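Visitor: Structure provided below as C-alpha cells; questions to follow.
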Amino acid sequence: MLDELEKKMLSNHTPEDDAFYYHKSEERIVLSHALFWVMTQNQKGKVAKEEYFLLLRMYEEEMLEAYLTEDETFPELLRYCNIIFNTFPSMLCATHDVRTDREAKKLSAIFVVACGHGGDMPDDLAEELLDDIDFYYNKVKCRKIEQMLPILNKYVAEEMQMMG
C-alpha cells in the first residue's frame, strides 16, 4: 500500500515538493518526526481518529524505537514515515476543511512547525534533542521536546493565525 502511495506521490511531485527536501541530514528528518509525534500526542477531535493520522503516529513511534536500538528496520520505517508525512497535507485536506475545522487547522499548523523547526533549528539544539530521545518504561520518550511544548505550541498558534 505504501509503495503505491509513494508511486502516486512521486508521479505528481518534484524533489523540491518533499517536506524534508531542505533538511540537512537524515537525523534532522528523524527530529521532525519526533517533534510531530510529541506535539500530536494530545490531538483531539475527529481528525485524531483518522486512520492516516493514527498510522503515521504508529510508524513514527516504531521508527524512533528502531532509531534508538539501531535496528535494521530503521531505514524502511523512516521511509514509511516519510511517505505518509509527505502525503499527510493532501489527506488532511481531503477529509477535513482546514479553514473551518479548528482541530484540522491545528494539525496542519503542527505539521508545518514540526517539519520546519526540525529542519531549521540550530545544530547544537538539534543534537541535544536527538540525544535526549530514550526509553522510559520500555516506551519511547522525548523529555526535552516535551519541555519545549509551550514554545512549540506558541509557534503553532502563530501558524494558525497566518492560515486565517
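Labels used: A, B, ... for chains in the order of the C-alpha cells, numbers from 1 for residues in each chain, and numbers from 1 for ligands as shown.
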Taking a cut-off of 9 Å and counting only C-alpha atoms, can you build a table that, for each residue of stretch 84-116 of chain A near stretch 39-60 of chain A, reports the nearest atom pair and how far apart they are in Å (one decimal), sorted by chain then residue number, as JSON lines?
Guide:
{"residue": "A:Ile84", "atom": "CA", "partner": "A:Leu56", "partner_atom": "CA", "distance": 6.1}
{"residue": "A:Phe85", "atom": "CA", "partner": "A:Leu56", "partner_atom": "CA", "distance": 7.0}
{"residue": "A:Phe88", "atom": "CA", "partner": "A:Tyr52", "partner_atom": "CA", "distance": 7.5}
{"residue": "A:Met91", "atom": "CA", "partner": "A:Tyr52", "partner_atom": "CA", "distance": 7.6}
{"residue": "A:Leu92", "atom": "CA", "partner": "A:Val47", "partner_atom": "CA", "distance": 8.0}
{"residue": "A:Thr95", "atom": "CA", "partner": "A:Val47", "partner_atom": "CA", "distance": 8.4}
{"residue": "A:His96", "atom": "CA", "partner": "A:Val47", "partner_atom": "CA", "distance": 7.6}
{"residue": "A:Arg102", "atom": "CA", "partner": "A:Gly45", "partner_atom": "CA", "distance": 9.0}
{"residue": "A:Glu103", "atom": "CA", "partner": "A:Gly45", "partner_atom": "CA", "distance": 6.2}
{"residue": "A:Ala104", "atom": "CA", "partner": "A:Val47", "partner_atom": "CA", "distance": 6.2}
{"residue": "A:Lys106", "atom": "CA", "partner": "A:Gln43", "partner_atom": "CA", "distance": 8.8}
{"residue": "A:Leu107", "atom": "CA", "partner": "A:Thr40", "partner_atom": "CA", "distance": 7.6}
{"residue": "A:Ile110", "atom": "CA", "partner": "A:Met39", "partner_atom": "CA", "distance": 7.0}
{"residue": "A:Ala114", "atom": "CA", "partner": "A:Met39", "partner_atom": "CA", "distance": 7.9}
Visitor: Store the residues of this selection in a file with C-alpha atoms, as an mmCIF file, in the first residue's frame.
Guide:
data_model
loop_
_atom_site.group_PDB
_atom_site.id
_atom_site.type_symbol
_atom_site.label_atom_id
_atom_site.label_comp_id
_atom_site.auth_asym_id
_atom_site.auth_seq_id
_atom_site.Cartn_x
_atom_site.Cartn_y
_atom_site.Cartn_z
ATOM 1 C CA ILE A 84 2.845 9.187 4.998
ATOM 2 C CA PHE A 85 4.178 12.540 6.208
ATOM 3 C CA PHE A 88 -0.413 13.977 5.049
ATOM 4 C CA MET A 91 -5.119 13.518 3.083
ATOM 5 C CA LEU A 92 -5.944 16.074 5.764
ATOM 6 C CA THR A 95 -11.048 14.669 4.767
ATOM 7 C CA HIS A 96 -11.388 17.985 6.641
ATOM 8 C CA ARG A 102 -10.137 24.069 14.254
ATOM 9 C CA GLU A 103 -8.528 20.712 15.074
ATOM 10 C CA ALA A 104 -7.630 20.107 11.422
ATOM 11 C CA LYS A 106 -4.163 22.959 14.377
ATOM 12 C CA LEU A 107 -2.877 19.662 12.991
ATOM 13 C CA ILE A 110 1.713 21.311 13.843
ATOM 14 C CA ALA A 114 7.417 20.210 13.323
#
Visitor: Which of these residues is nearest to A:Glu61, using only C-alpha atoms: A:Glu158, A:Asp18, A:Asp134, A:Asp124?
Guide: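 Of A:Glu158, A:Asp18, A:Asp134, A:Asp124, the one nearest A:Glu61 is A:Asp134, counting only C-alpha atoms.
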Visitor: I want to know what sits within 10 Å of A:Gly119, based on only C-alpha atoms, with residues of the same chain fewer than 2 positions away left out; could you give that as a ChimeraX atom specification?
Guide: /A:19-25,27-32,113-117,121-123,126
